[in-house]
Amino acid sequence: MKNSKKIRIISGEFGGRLIDTPKSELTQPMGDRERMAIFNRLRDEIPGTRVLDMFAGSGALGIEALSLGAVSADFVDKSSEAKRTIKQNLSLLKIENGNVVGEPSGKYDLIFMDPPYDNPQYELCLKIANEFLSDSGYLVLSHPTSPEPPVFDGLELLSDRKYAAAHIKIYQK
């Protein structure tokens, strides 16, 4: 096990605050540059939204959305270490509208998916997007260079950017 690494919330109410990442080697947090690009693109769309942070890891994406005015965020990760870390981060920042849940429920206006690059689980990503993304909702997918994700039917690709080993795609329903 590695020691927990700290990452910074970029902007909004919690901008500049540090949160922990899970100690497990299985989790690789998204870098500041990638997160900054996502939130610069979606900043005006976030206030008042309901957010799902799928494959949440540290919860940084959902916490960043809450920091920018999302009304609630559900965090899903199968790792018990990740769940524990997210709960600690929510507690540290005194966030009451963030929930660590076993699975998504209802419709979300914004869904973040940052699955493990060694197992991107595209079938699950498609299922989540189809079942839980609200009309006009946004989907942010971080994925490895290979394999490419399948086509997300019914979603318009708004942005496709490459950052080192990461590809970030932003879709809208």
# chains A, B, ... in the order shown; residues from 1 in each chain; ligands from 1

call {"tool": "select_by_dssp", "arguments": {"residues": "region 55-118 of chain A", "states": "helix (DSSP H, G or I)", "output": "PyMOL selection string"}}
result
chain A and resi 60-67+80-92

call {"tool": "residues_around", "arguments": {"residues": "Tyr122 (chain A)", "least_positions_apart": "3", "cutoff": "12 Å", "atoms": "only C-alpha atoms", "output": "MDAnalysis selection string"}}
result
chainID A and resid 113:119 125:129 141:144 146:152

call {"tool": "select_by_dssp", "arguments": {"residues": "region 31-165 of chain A", "states": "strand (DSSP E or B)", "output": "ChimeraX atom specification"}}
result
/A:50-54,72-76,98-100,108-113,133-144,156-163

call {"tool": "write_last_selection", "arguments": {"atoms": "N, CA, C and O atoms", "output": "short mmCIF file (atom, residue, chain, number, x, y, z; two decimals), in the first residue's frame"}}
result
data_model
loop_
_atom_site.label_atom_id
_atom_site.label_comp_id
_atom_site.auth_asym_id
_atom_site.auth_seq_id
_atom_site.Cartn_x
_atom_site.Cartn_y
_atom_site.Cartn_z
N ARG A 50 -27.82 17.80 -10.38
CA ARG A 50 -27.68 16.58 -9.61
C ARG A 50 -26.58 15.78 -10.30
O ARG A 50 -26.65 15.52 -11.50
N VAL A 51 -25.54 15.38 -9.56
CA VAL A 51 -24.31 14.82 -10.12
C VAL A 51 -24.09 13.38 -9.66
O VAL A 51 -24.36 13.03 -8.51
N LEU A 52 -23.57 12.55 -10.59
CA LEU A 52 -23.11 11.21 -10.28
C LEU A 52 -21.62 11.14 -10.58
O LEU A 52 -21.20 11.46 -11.69
N ASP A 53 -20.85 10.76 -9.57
CA ASP A 53 -19.41 10.53 -9.74
C ASP A 53 -19.22 9.02 -9.68
O ASP A 53 -19.17 8.42 -8.62
N MET A 54 -19.16 8.40 -10.86
CA MET A 54 -19.06 6.94 -11.00
C MET A 54 -17.58 6.56 -11.05
O MET A 54 -16.81 7.27 -11.69
N SER A 72 -26.51 18.32 -5.41
CA SER A 72 -26.19 17.06 -4.74
C SER A 72 -25.26 16.25 -5.62
O SER A 72 -25.17 16.47 -6.83
N ALA A 73 -24.55 15.32 -4.98
CA ALA A 73 -23.68 14.41 -5.71
C ALA A 73 -23.74 13.04 -5.06
O ALA A 73 -23.66 12.92 -3.83
N ASP A 74 -23.90 12.01 -5.89
CA ASP A 74 -23.80 10.63 -5.45
C ASP A 74 -22.45 10.10 -5.93
O ASP A 74 -22.05 10.33 -7.08
N PHE A 75 -21.77 9.40 -5.04
CA PHE A 75 -20.45 8.85 -5.33
C PHE A 75 -20.54 7.33 -5.31
O PHE A 75 -21.00 6.75 -4.32
N VAL A 76 -20.10 6.69 -6.40
CA VAL A 76 -20.14 5.23 -6.50
C VAL A 76 -18.74 4.72 -6.78
O VAL A 76 -18.07 5.17 -7.72
N GLY A 98 -23.54 15.39 -0.29
CA GLY A 98 -22.82 14.35 -1.02
C GLY A 98 -23.08 13.02 -0.35
O GLY A 98 -23.06 12.92 0.89
N ASN A 99 -23.37 11.99 -1.15
CA ASN A 99 -23.72 10.68 -0.60
C ASN A 99 -22.90 9.58 -1.27
O ASN A 99 -22.86 9.51 -2.50
N VAL A 100 -22.28 8.74 -0.46
CA VAL A 100 -21.61 7.55 -0.98
C VAL A 100 -22.68 6.46 -1.06
O VAL A 100 -23.28 6.10 -0.04
N TYR A 108 -29.60 11.96 -13.39
CA TYR A 108 -28.53 12.90 -13.08
C TYR A 108 -28.34 13.86 -14.24
O TYR A 108 -28.40 13.46 -15.40
N ASP A 109 -28.06 15.12 -13.92
CA ASP A 109 -27.82 16.15 -14.92
C ASP A 109 -26.38 16.10 -15.43
O ASP A 109 -26.09 16.59 -16.52
N LEU A 110 -25.49 15.54 -14.62
CA LEU A 110 -24.08 15.45 -14.95
C LEU A 110 -23.53 14.15 -14.39
O LEU A 110 -23.68 13.88 -13.19
N ILE A 111 -22.94 13.35 -15.27
CA ILE A 111 -22.33 12.08 -14.84
C ILE A 111 -20.86 12.09 -15.21
O ILE A 111 -20.50 12.34 -16.37
N PHE A 112 -20.02 11.85 -14.21
CA PHE A 112 -18.59 11.67 -14.43
C PHE A 112 -18.28 10.18 -14.40
O PHE A 112 -18.72 9.48 -13.48
N MET A 113 -17.53 9.71 -15.39
CA MET A 113 -17.07 8.32 -15.41
C MET A 113 -15.58 8.31 -15.68
O MET A 113 -15.14 8.72 -16.75
N LEU A 133 -28.79 9.18 -17.18
CA LEU A 133 -28.53 10.53 -17.64
C LEU A 133 -29.86 11.21 -18.00
O LEU A 133 -30.64 10.69 -18.80
N SER A 134 -30.09 12.38 -17.41
CA SER A 134 -31.34 13.12 -17.66
C SER A 134 -31.33 13.72 -19.07
O SER A 134 -30.28 13.84 -19.71
N ASP A 135 -32.51 14.10 -19.53
CA ASP A 135 -32.62 14.79 -20.82
C ASP A 135 -31.78 16.07 -20.74
O ASP A 135 -31.85 16.79 -19.75
N SER A 136 -31.00 16.31 -21.77
CA SER A 136 -30.08 17.45 -21.85
C SER A 136 -28.91 17.34 -20.89
O SER A 136 -28.14 18.29 -20.74
N GLY A 137 -28.75 16.19 -20.22
CA GLY A 137 -27.67 16.00 -19.27
C GLY A 137 -26.32 15.84 -19.96
O GLY A 137 -26.24 15.57 -21.16
N TYR A 138 -25.26 15.99 -19.17
CA TYR A 138 -23.88 15.88 -19.65
C TYR A 138 -23.21 14.62 -19.09
O TYR A 138 -23.42 14.28 -17.93
N LEU A 139 -22.41 14.00 -19.94
CA LEU A 139 -21.61 12.84 -19.54
C LEU A 139 -20.15 13.18 -19.82
O LEU A 139 -19.82 13.61 -20.93
N VAL A 140 -19.30 13.01 -18.81
CA VAL A 140 -17.87 13.21 -18.97
C VAL A 140 -17.22 11.85 -18.80
O VAL A 140 -17.36 11.21 -17.75
N LEU A 141 -16.51 11.40 -19.83
CA LEU A 141 -15.85 10.08 -19.82
C LEU A 141 -14.35 10.26 -19.98
O LEU A 141 -13.90 10.86 -20.96
N SER A 142 -13.60 9.74 -19.03
CA SER A 142 -12.15 9.67 -19.13
C SER A 142 -11.81 8.23 -19.49
O SER A 142 -12.28 7.30 -18.84
N HIS A 143 -11.00 8.05 -20.54
CA HIS A 143 -10.70 6.69 -20.99
C HIS A 143 -9.29 6.59 -21.54
O HIS A 143 -8.69 7.60 -21.93
N PRO A 144 -8.76 5.37 -21.62
CA PRO A 144 -7.43 5.19 -22.18
C PRO A 144 -7.45 5.37 -23.70
O PRO A 144 -8.52 5.35 -24.33
N GLU A 156 -24.59 13.55 -28.02
CA GLU A 156 -23.78 14.34 -28.94
C GLU A 156 -22.40 14.56 -28.32
O GLU A 156 -22.29 15.01 -27.17
N LEU A 157 -21.34 14.24 -29.07
CA LEU A 157 -19.98 14.47 -28.60
C LEU A 157 -19.67 15.96 -28.72
O LEU A 157 -19.66 16.51 -29.83
N LEU A 158 -19.45 16.63 -27.59
CA LEU A 158 -19.16 18.06 -27.57
C LEU A 158 -17.67 18.36 -27.58
O LEU A 158 -17.24 19.38 -28.09
N SER A 159 -16.89 17.45 -26.99
CA SER A 159 -15.46 17.69 -26.85
C SER A 159 -14.74 16.36 -26.73
O SER A 159 -15.23 15.42 -26.09
N ASP A 160 -13.57 16.27 -27.35
CA ASP A 160 -12.70 15.09 -27.26
C ASP A 160 -11.27 15.60 -27.20
O ASP A 160 -10.73 16.05 -28.20
N ARG A 161 -10.68 15.57 -26.00
CA ARG A 161 -9.33 16.09 -25.80
C ARG A 161 -8.43 15.01 -25.25
O ARG A 161 -8.88 14.15 -24.49
N LYS A 162 -7.15 15.07 -25.62
CA LYS A 162 -6.16 14.11 -25.14
C LYS A 162 -5.19 14.82 -24.21
O LYS A 162 -4.73 15.90 -24.51
N TYR A 163 -4.93 14.19 -23.07
CA TYR A 163 -3.98 14.68 -22.08
C TYR A 163 -3.10 13.52 -21.68
O TYR A 163 -3.55 12.64 -20.94
#

call {"tool": "atom_distance", "arguments": {"atom1": "CA of Glu45 (chain A)", "atom2": "CA of Lys78 (chain A)"}}
result
28.1 Å

call {"tool": "residues_around", "arguments": {"residues": "Arg8 (chain A)", "least_positions_apart": "2", "cutoff": "6 Å", "atoms": "only C-alpha atoms", "output": "short mmCIF file (atom, residue, chain, number, x, y, z; two decimals) with C-alpha atoms, in the first residue's frame"}}
result
data_model
loop_
_atom_site.label_atom_id
_atom_site.label_comp_id
_atom_site.auth_asym_id
_atom_site.auth_seq_id
_atom_site.Cartn_x
_atom_site.Cartn_y
_atom_site.Cartn_z
CA ILE A 10 -9.49 23.70 -8.15
CA GLY A 16 -7.60 25.43 -2.88
CA ARG A 17 -8.61 22.84 -0.26
CA LEU A 18 -6.75 19.53 -0.23
#

call {"tool": "atom_distance", "arguments": {"atom1": "CA of Ala65 (chain A)", "atom2": "CA of Ile170 (chain A)"}}
result
14.9 Å

call {"tool": "atom_distance", "arguments": {"atom1": "CA of Ala60 (chain A)", "atom2": "CA of Arg33 (chain A)"}}
result
13.1 Å

call {"tool": "closest_residue", "arguments": {"among": "A:Phe55, A:Gly15, A:Leu92, A:Asn40", "to": "Gln121 (chain A)", "atoms": "only C-alpha atoms"}}
result
A:Phe55

call {"tool": "residues_around", "arguments": {"residues": "Ser80 (chain A)", "least_positions_apart": "2", "cutoff": "12 Å", "atoms": "only C-alpha atoms", "output": "PyMOL selection string"}}
result
chain A and resi 22-24+26-27+55-58+76-78+82-87+100-102

call {"tool": "write_last_selection", "arguments": {"atoms": "all heavy atoms", "output": "compact mmCIF listing (two decimals), in the first residue's frame"}}
result
# COMPACT_ATOMS: atom_id res chain seq x y z
N PRO A 22 -7.47 7.56 -2.20
CA PRO A 22 -7.34 6.24 -1.58
C PRO A 22 -5.89 5.77 -1.60
O PRO A 22 -5.12 6.10 -2.52
CB PRO A 22 -8.22 5.35 -2.46
CG PRO A 22 -9.20 6.28 -3.08
CD PRO A 22 -8.43 7.56 -3.29
N LYS A 23 -5.53 4.99 -0.59
CA LYS A 23 -4.16 4.49 -0.49
C LYS A 23 -3.86 3.38 -1.49
O LYS A 23 -2.73 3.10 -1.80
CB LYS A 23 -3.90 3.99 0.93
CG LYS A 23 -3.92 5.10 1.94
CD LYS A 23 -3.66 4.59 3.34
CE LYS A 23 -3.59 5.75 4.30
NZ LYS A 23 -4.55 5.65 5.36
N SER A 24 -4.88 2.75 -2.02
CA SER A 24 -4.72 1.63 -2.93
C SER A 24 -4.04 2.03 -4.23
O SER A 24 -4.26 3.12 -4.76
CB SER A 24 -6.10 1.03 -3.26
OG SER A 24 -6.01 0.12 -4.31
N LEU A 26 -4.78 0.77 -6.93
CA LEU A 26 -5.78 0.58 -7.97
C LEU A 26 -6.42 1.89 -8.42
O LEU A 26 -7.03 1.95 -9.47
CB LEU A 26 -6.87 -0.38 -7.47
CG LEU A 26 -6.41 -1.77 -7.05
CD1 LEU A 26 -7.56 -2.56 -6.46
CD2 LEU A 26 -5.79 -2.50 -8.23
N THR A 27 -6.28 2.93 -7.61
CA THR A 27 -6.90 4.21 -7.92
C THR A 27 -5.85 5.19 -8.42
O THR A 27 -4.82 5.36 -7.79
CB THR A 27 -7.57 4.80 -6.66
OG1 THR A 27 -8.53 3.87 -6.19
CG2 THR A 27 -8.26 6.10 -6.96
N PHE A 55 -17.18 5.47 -10.42
CA PHE A 55 -15.77 5.09 -10.27
C PHE A 55 -15.08 6.25 -9.54
O PHE A 55 -14.04 6.75 -9.96
CB PHE A 55 -15.08 4.84 -11.62
CG PHE A 55 -15.84 3.94 -12.55
CD1 PHE A 55 -16.60 4.45 -13.59
CD2 PHE A 55 -15.80 2.56 -12.39
CE1 PHE A 55 -17.29 3.63 -14.46
CE2 PHE A 55 -16.49 1.72 -13.25
CZ PHE A 55 -17.24 2.25 -14.29
N ALA A 56 -15.65 6.67 -8.43
CA ALA A 56 -15.34 7.96 -7.80
C ALA A 56 -13.93 8.10 -7.23
O ALA A 56 -13.42 9.21 -7.15
CB ALA A 56 -16.38 8.26 -6.72
N GLY A 57 -13.30 7.02 -6.78
CA GLY A 57 -11.94 7.13 -6.23
C GLY A 57 -11.90 8.02 -5.01
O GLY A 57 -12.35 7.66 -3.93
N SER A 58 -11.40 9.25 -5.15
CA SER A 58 -11.32 10.21 -4.05
C SER A 58 -12.59 11.04 -3.93
O SER A 58 -12.79 11.71 -2.93
CB SER A 58 -10.13 11.15 -4.27
OG SER A 58 -10.37 11.96 -5.41
N VAL A 76 -20.10 6.69 -6.40
CA VAL A 76 -20.14 5.23 -6.50
C VAL A 76 -18.74 4.72 -6.78
O VAL A 76 -18.07 5.17 -7.72
CB VAL A 76 -21.10 4.77 -7.63
CG1 VAL A 76 -21.07 3.25 -7.77
CG2 VAL A 76 -22.52 5.26 -7.38
N ASP A 77 -18.29 3.79 -5.97
CA ASP A 77 -17.02 3.09 -6.19
C ASP A 77 -17.12 1.76 -5.47
O ASP A 77 -17.66 1.70 -4.37
CB ASP A 77 -15.84 3.89 -5.65
CG ASP A 77 -14.51 3.47 -6.28
OD1 ASP A 77 -14.11 2.30 -6.12
OD2 ASP A 77 -13.90 4.31 -6.97
N LYS A 78 -16.63 0.69 -6.10
CA LYS A 78 -16.74 -0.63 -5.47
C LYS A 78 -15.68 -0.86 -4.40
O LYS A 78 -15.83 -1.72 -3.55
CB LYS A 78 -16.72 -1.74 -6.52
CG LYS A 78 -15.41 -1.91 -7.22
CD LYS A 78 -15.47 -3.04 -8.23
CE LYS A 78 -14.13 -3.24 -8.90
NZ LYS A 78 -14.15 -4.32 -9.85
N ALA A 82 -11.86 3.37 -1.24
CA ALA A 82 -12.34 4.58 -1.91
C ALA A 82 -13.56 5.14 -1.17
O ALA A 82 -13.64 6.35 -0.93
CB ALA A 82 -12.68 4.30 -3.37
N LYS A 83 -14.50 4.29 -0.82
CA LYS A 83 -15.69 4.74 -0.10
C LYS A 83 -15.32 5.43 1.21
O LYS A 83 -15.86 6.49 1.55
CB LYS A 83 -16.64 3.57 0.18
CG LYS A 83 -17.30 3.01 -1.05
CD LYS A 83 -18.13 1.80 -0.68
CE LYS A 83 -18.58 1.04 -1.90
NZ LYS A 83 -19.26 -0.20 -1.56
N ARG A 84 -14.40 4.83 1.93
CA ARG A 84 -13.94 5.39 3.21
C ARG A 84 -13.29 6.77 2.97
O ARG A 84 -13.56 7.73 3.69
CB ARG A 84 -12.95 4.42 3.85
CG ARG A 84 -12.77 4.55 5.31
CD ARG A 84 -12.00 3.41 5.98
NE ARG A 84 -11.09 2.63 5.17
CZ ARG A 84 -11.34 1.41 4.69
NH1 ARG A 84 -12.49 0.81 4.95
NH2 ARG A 84 -10.45 0.76 3.97
N THR A 85 -12.45 6.86 1.93
CA THR A 85 -11.76 8.11 1.62
C THR A 85 -12.76 9.20 1.23
O THR A 85 -12.65 10.35 1.68
CB THR A 85 -10.74 7.90 0.48
OG1 THR A 85 -9.79 6.92 0.91
CG2 THR A 85 -10.02 9.18 0.12
N ILE A 86 -13.75 8.87 0.40
CA ILE A 86 -14.76 9.85 -0.01
C ILE A 86 -15.52 10.36 1.21
O ILE A 86 -15.73 11.57 1.37
CB ILE A 86 -15.73 9.26 -1.05
CG1 ILE A 86 -14.98 8.93 -2.34
CG2 ILE A 86 -16.88 10.23 -1.33
CD1 ILE A 86 -15.75 8.00 -3.28
N LYS A 87 -15.94 9.45 2.09
CA LYS A 87 -16.66 9.87 3.30
C LYS A 87 -15.81 10.80 4.15
O LYS A 87 -16.31 11.80 4.68
CB LYS A 87 -17.08 8.64 4.11
CG LYS A 87 -18.23 7.88 3.48
CD LYS A 87 -18.57 6.63 4.27
CE LYS A 87 -19.68 5.85 3.58
NZ LYS A 87 -19.97 4.57 4.25
N VAL A 100 -22.28 8.74 -0.46
CA VAL A 100 -21.61 7.55 -0.98
C VAL A 100 -22.68 6.46 -1.06
O VAL A 100 -23.28 6.10 -0.04
CB VAL A 100 -20.44 7.13 -0.06
CG1 VAL A 100 -19.79 5.86 -0.57
CG2 VAL A 100 -19.41 8.26 0.04
N VAL A 101 -22.94 6.00 -2.27
CA VAL A 101 -24.02 5.04 -2.50
C VAL A 101 -23.48 3.80 -3.20
O VAL A 101 -22.43 3.84 -3.83
CB VAL A 101 -25.18 5.67 -3.32
CG1 VAL A 101 -25.81 6.83 -2.56
CG2 VAL A 101 -24.72 6.14 -4.68
N GLY A 102 -24.21 2.71 -3.08
CA GLY A 102 -23.81 1.46 -3.71
C GLY A 102 -24.03 1.44 -5.21
O GLY A 102 -23.29 0.81 -5.96
